[in-house]
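Structure file data20.txt with compact mmCIF, C-alpha atoms:
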# COMPACT_ATOMS: atom_id res chain seq x y z
CA MET A 14 -32.24 87.39 15.96
CA ASP A 15 -31.66 85.78 19.33
CA HIS A 16 -31.30 82.07 18.59
CA ASP A 17 -31.36 81.13 22.25
CA ARG A 18 -35.07 81.99 22.48
CA TYR A 19 -37.91 81.95 19.98
CA SER A 20 -41.34 83.39 20.54
CA ASP A 21 -44.29 81.03 20.32
CA ALA A 22 -45.63 83.22 17.50
CA TYR A 23 -42.42 82.74 15.47
CA ILE A 24 -42.50 78.93 15.82
CA ARG A 25 -46.28 78.76 15.27
CA ASP A 26 -45.94 80.86 12.10
CA ILE A 27 -43.38 78.43 10.70
CA LEU A 28 -45.43 75.35 11.58
CA LEU A 29 -48.68 76.80 10.23
CA GLY A 30 -47.29 78.49 7.14
CA HIS A 31 -44.91 75.85 5.82
CA ARG A 32 -46.15 72.39 4.90
CA VAL A 33 -43.27 70.66 3.06
CA PHE A 34 -40.37 69.43 5.23
CA ALA A 35 -37.16 67.90 3.86
CA VAL A 36 -35.57 65.90 6.69
CA VAL A 37 -31.82 65.81 6.02
CA GLY A 38 -30.20 62.90 7.82
CA ALA A 39 -33.35 60.79 7.80
CA SER A 40 -32.61 57.31 9.08
CA VAL A 41 -34.01 54.02 7.80
CA LYS A 42 -33.85 52.76 11.39
CA THR A 43 -37.26 53.03 13.05
CA ILE A 44 -35.72 53.61 16.48
CA ARG A 45 -33.99 56.85 15.47
CA PRO A 46 -35.39 60.29 16.39
CA SER A 47 -35.55 61.34 12.72
CA TYR A 48 -37.98 58.49 12.07
CA PHE A 49 -40.24 59.55 14.97
CA VAL A 50 -40.23 63.15 13.77
CA MET A 51 -41.11 62.14 10.22
CA LYS A 52 -43.98 59.89 11.37
CA TYR A 53 -45.34 62.62 13.65
CA LEU A 54 -45.18 65.35 11.00
CA LEU A 55 -46.85 63.05 8.46
CA ALA A 56 -49.63 62.32 10.96
CA LYS A 57 -50.16 66.06 11.37
CA GLY A 58 -50.63 66.51 7.62
CA PHE A 59 -47.19 67.74 6.65
CA ASP A 60 -45.54 66.57 3.44
CA VAL A 61 -42.22 65.02 4.51
CA ILE A 62 -39.32 64.17 2.23
CA PRO A 63 -36.52 62.07 3.78
CA VAL A 64 -33.05 63.03 2.52
CA ASN A 65 -30.00 60.81 3.00
CA PRO A 66 -27.23 60.16 0.43
CA GLY A 67 -26.58 56.66 1.76
CA HIS A 68 -30.21 55.54 1.52
CA GLY A 69 -31.48 57.10 -1.72
CA GLY A 70 -34.39 55.07 -3.10
CA HIS A 71 -35.12 53.30 0.18
CA ILE A 72 -38.48 53.75 1.88
CA VAL A 73 -38.69 55.48 5.27
CA ALA A 74 -42.05 56.10 6.96
CA ASP A 75 -43.73 55.22 3.63
CA GLN A 76 -41.73 57.97 1.86
CA THR A 77 -38.99 57.46 -0.74
CA VAL A 78 -35.59 58.70 0.42
CA VAL A 79 -33.94 61.27 -1.86
CA PRO A 80 -30.11 61.38 -1.92
CA SER A 81 -29.79 65.18 -1.71
CA LEU A 82 -31.82 68.36 -1.43
CA GLY A 83 -30.98 69.22 -5.04
CA GLU A 84 -32.57 66.00 -6.25
CA ILE A 85 -35.99 66.60 -4.68
CA GLY A 86 -37.38 68.27 -7.80
CA ARG A 87 -40.22 70.19 -6.17
CA PRO A 88 -40.56 73.10 -3.74
CA VAL A 89 -39.47 72.60 -0.14
CA ASP A 90 -40.52 74.93 2.65
CA VAL A 91 -38.46 73.72 5.62
CA VAL A 92 -35.09 71.96 5.64
CA ASP A 93 -34.93 70.06 8.95
CA ILE A 94 -31.30 69.20 9.75
CA PHE A 95 -30.66 65.91 11.58
CA ARG A 96 -26.89 66.13 11.09
CA ASN A 97 -24.10 67.46 13.28
CA SER A 98 -23.49 71.18 13.70
CA ASP A 99 -20.48 71.17 11.35
CA ALA A 100 -22.63 69.84 8.47
CA ALA A 101 -25.26 72.55 8.94
CA LEU A 102 -23.42 75.20 6.91
CA GLY A 103 -23.23 73.09 3.74
CA ILE A 104 -26.84 71.97 4.13
CA THR A 105 -27.90 75.59 4.62
CA GLU A 106 -26.13 76.53 1.38
CA GLU A 107 -28.10 73.78 -0.38
CA ALA A 108 -31.33 74.95 1.27
CA ILE A 109 -30.77 78.44 -0.12
CA ARG A 110 -30.03 77.02 -3.62
CA ILE A 111 -33.31 75.06 -3.71
CA GLY A 112 -35.38 78.03 -2.50
CA ALA A 113 -36.33 76.76 0.96
CA LYS A 114 -37.99 79.26 3.30
CA VAL A 115 -36.77 77.90 6.66
CA VAL A 116 -33.68 76.14 7.99
CA TRP A 117 -34.54 74.18 11.13
CA MET A 118 -31.68 72.64 13.09
CA GLN A 119 -32.61 69.82 15.42
CA ILE A 120 -31.91 69.58 19.15
CA GLY A 121 -28.15 69.75 19.69
CA VAL A 122 -27.51 71.31 16.28
CA ARG A 123 -26.32 74.90 16.28
CA ASN A 124 -24.28 76.72 13.67
CA ASP A 125 -24.26 80.50 13.95
CA ALA A 126 -22.50 80.97 10.59
CA ALA A 127 -25.21 78.91 8.88
CA ALA A 128 -27.89 80.96 10.66
CA ARG A 129 -26.34 84.25 9.51
CA LEU A 130 -26.05 82.95 5.95
CA ALA A 131 -29.67 81.76 5.88
CA GLU A 132 -31.01 84.98 7.38
CA SER A 133 -29.00 87.12 4.95
CA ALA A 134 -30.68 85.11 2.14
CA GLY A 135 -34.11 85.82 3.64
CA LEU A 136 -34.74 82.46 5.31
CA LYS A 137 -36.11 81.97 8.80
CA VAL A 138 -33.90 79.97 11.16
CA VAL A 139 -34.57 77.76 14.17
CA MET A 140 -31.69 76.10 16.00
CA ASN A 141 -31.53 73.51 18.76
CA ARG A 142 -35.27 72.74 18.58
CA CYS A 143 -37.44 69.90 17.30
CA PRO A 144 -40.57 70.57 15.22
CA LYS A 145 -42.29 67.53 16.75
CA ILE A 146 -41.72 68.82 20.27
CA GLU A 147 -42.62 72.40 19.34
CA TYR A 148 -45.84 71.30 17.62
CA GLY A 149 -46.78 69.16 20.62
CA ARG A 150 -45.95 71.99 23.02
CA LEU A 151 -47.90 74.64 21.13
CA SER A 152 -50.92 72.38 20.54
CA GLY A 153 -50.98 71.24 24.18
CA GLU A 154 -50.49 67.58 23.21
CA ILE A 155 -47.19 67.35 25.02
CA GLY A 156 -49.00 68.06 28.28
CA TRP A 157 -50.67 64.65 28.06
CA ALA A 158 -47.27 63.15 28.87
CA GLY A 159 -46.90 65.34 31.95
CA VAL A 160 -44.65 67.91 30.28
CA ASN A 161 -45.29 71.58 31.04
CA SER A 162 -46.16 73.05 27.64
CA ARG A 163 -46.22 76.63 28.98
CA THR A 164 -49.51 76.89 27.06
CA LEU A 165 -52.96 76.88 28.65
CA SER A 166 -56.16 76.41 26.69
CA SER A 167 -59.78 75.86 27.58
CA LYS A 168 -60.46 74.41 24.13
CA ARG A 169 -61.37 70.76 23.99
CA PRO A 170 -59.16 68.51 21.85
CA VAL A 171 -60.54 67.25 18.56
CA ILE A 172 -61.46 63.57 18.54
CA GLY A 173 -59.47 61.97 15.73
CA SER A 174 -60.82 59.49 13.20
CA ASN A 175 -58.96 56.73 15.05
CA GLY A 176 -60.86 57.56 18.24
CA GLY A 177 -57.86 59.19 19.91
CA GLN A 178 -57.52 62.81 20.87
CA GLN A 179 -55.59 64.92 18.42
CA ARG A 180 -54.66 68.55 18.73
CA SER A 181 -53.89 70.75 15.81
CA LEU A 182 -52.26 74.13 15.78
CA ARG A 183 -54.95 75.06 13.26
CA ASN A 184 -57.69 74.25 15.78
CA ASP A 185 -55.95 75.89 18.73
CA GLY A 186 -54.13 78.69 16.89
Take the structure I supplied and represent it as structure tokens, if you would.
Amino acid sequence: MDHDRYSDAYIRDILLGHRVFAVVGASVKTIRPSYFVMKYLLAKGFDVIPVNPGHGGHIVADQTVVPSLGEIGRPVDVVDIFRNSDAALGITEEAIRIGAKVVWMQIGVRNDAAARLAESAGLKVVMNRCPKIEYGRLSGEIGWAGVNSRTLSSKRPVIGSNGGQQRSLRNDG
């Protein structure tokens, strides 16, 4: 697979077909990107499990931090890696051991050996991308901030229960 480009269908399939995200490298600091991603995914109806060995038992985005992937104790669909590229191989090995379906490496994280290992074990791989940004791009939400989503739709956004406009891949997909 070409990990420099992903089709919209490939990303959409992952975001629509996988609901449980383990965010490895989740930060307790509310100003960190991992926190924003967790809050966004939770708001979109995903089940998000923060993973960080230094913060096990703490609460992040109203979720209890788990020290490692192996200690989650329930199925995980997507392992979202918020660690450096060198750490991705070990995390990918853990993701395979727990039966994850997807390894997703955040923006700036790329490890081709980890990608090959995951794919040889039957997992899907995304590198150097953010699920929050990809969801917003594919749903058209990101366009509200003036960003070209490369996606056009004549469908009206759904009015959320809080009165704001919310887009869902399920409504637009």
Contacts of Val50 in chain A at 9 Å or less, counting all atoms listed in the file, minus same-chain residues fewer than 5 places along, as a PDB file with C-alpha atoms, in the coordinates of the input?
ATOM      1  CA  VAL A  36     -35.570  65.900   6.690  1.00  0.00           C
ATOM      2  CA  LEU A  55     -46.850  63.050   8.460  1.00  0.00           C
ATOM      3  CA  CYS A 143     -37.440  69.900  17.300  1.00  0.00           C
ATOM      4  CA  PRO A 144     -40.570  70.570  15.220  1.00  0.00           C
ATOM      5  CA  LYS A 145     -42.290  67.530  16.750  1.00  0.00           C
ATOM      6  CA  ILE A 146     -41.720  68.820  20.270  1.00  0.00           C
TER       7      ILE A 146
END
> Hey, which of A:Val122, A:Ala113, A:Ile155, A:Val64 ends up closest to Arg96 in chain A? Count only C-alpha atoms.
Replying inline: A:Val122
> Which residues come within 6 Å of Ala35 in chain A, counting only C-alpha atoms, excluding same-chain residues fewer than 3 positions away, as a PyMOL selection string?
Replying inline: chain A and resi 61-63+92-93
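Atom to atom, CA of Leu151 in chain A and CA of Ala22 in chain A stand 9.6 Å apart.
In this model, the gap between CA of Phe59 in chain A and CA of Ala126 in chain A comes to 28.3 Å.
Using all atoms listed in the file, the contacts of Glu147 in chain A at a cut-off of 9 Å, with sequence neighbours closer than 6 positions omitted, comprise A:Asp21, A:Ile24, A:Arg25, A:Leu28, A:Ile155.
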> Out of A:Val41, A:Leu182, A:Leu130, A:Val116, which residue has the shortest atom-to-atom distance to Gly70 in chain A when counting only C-alpha atoms?
Replying inline: A:Val41
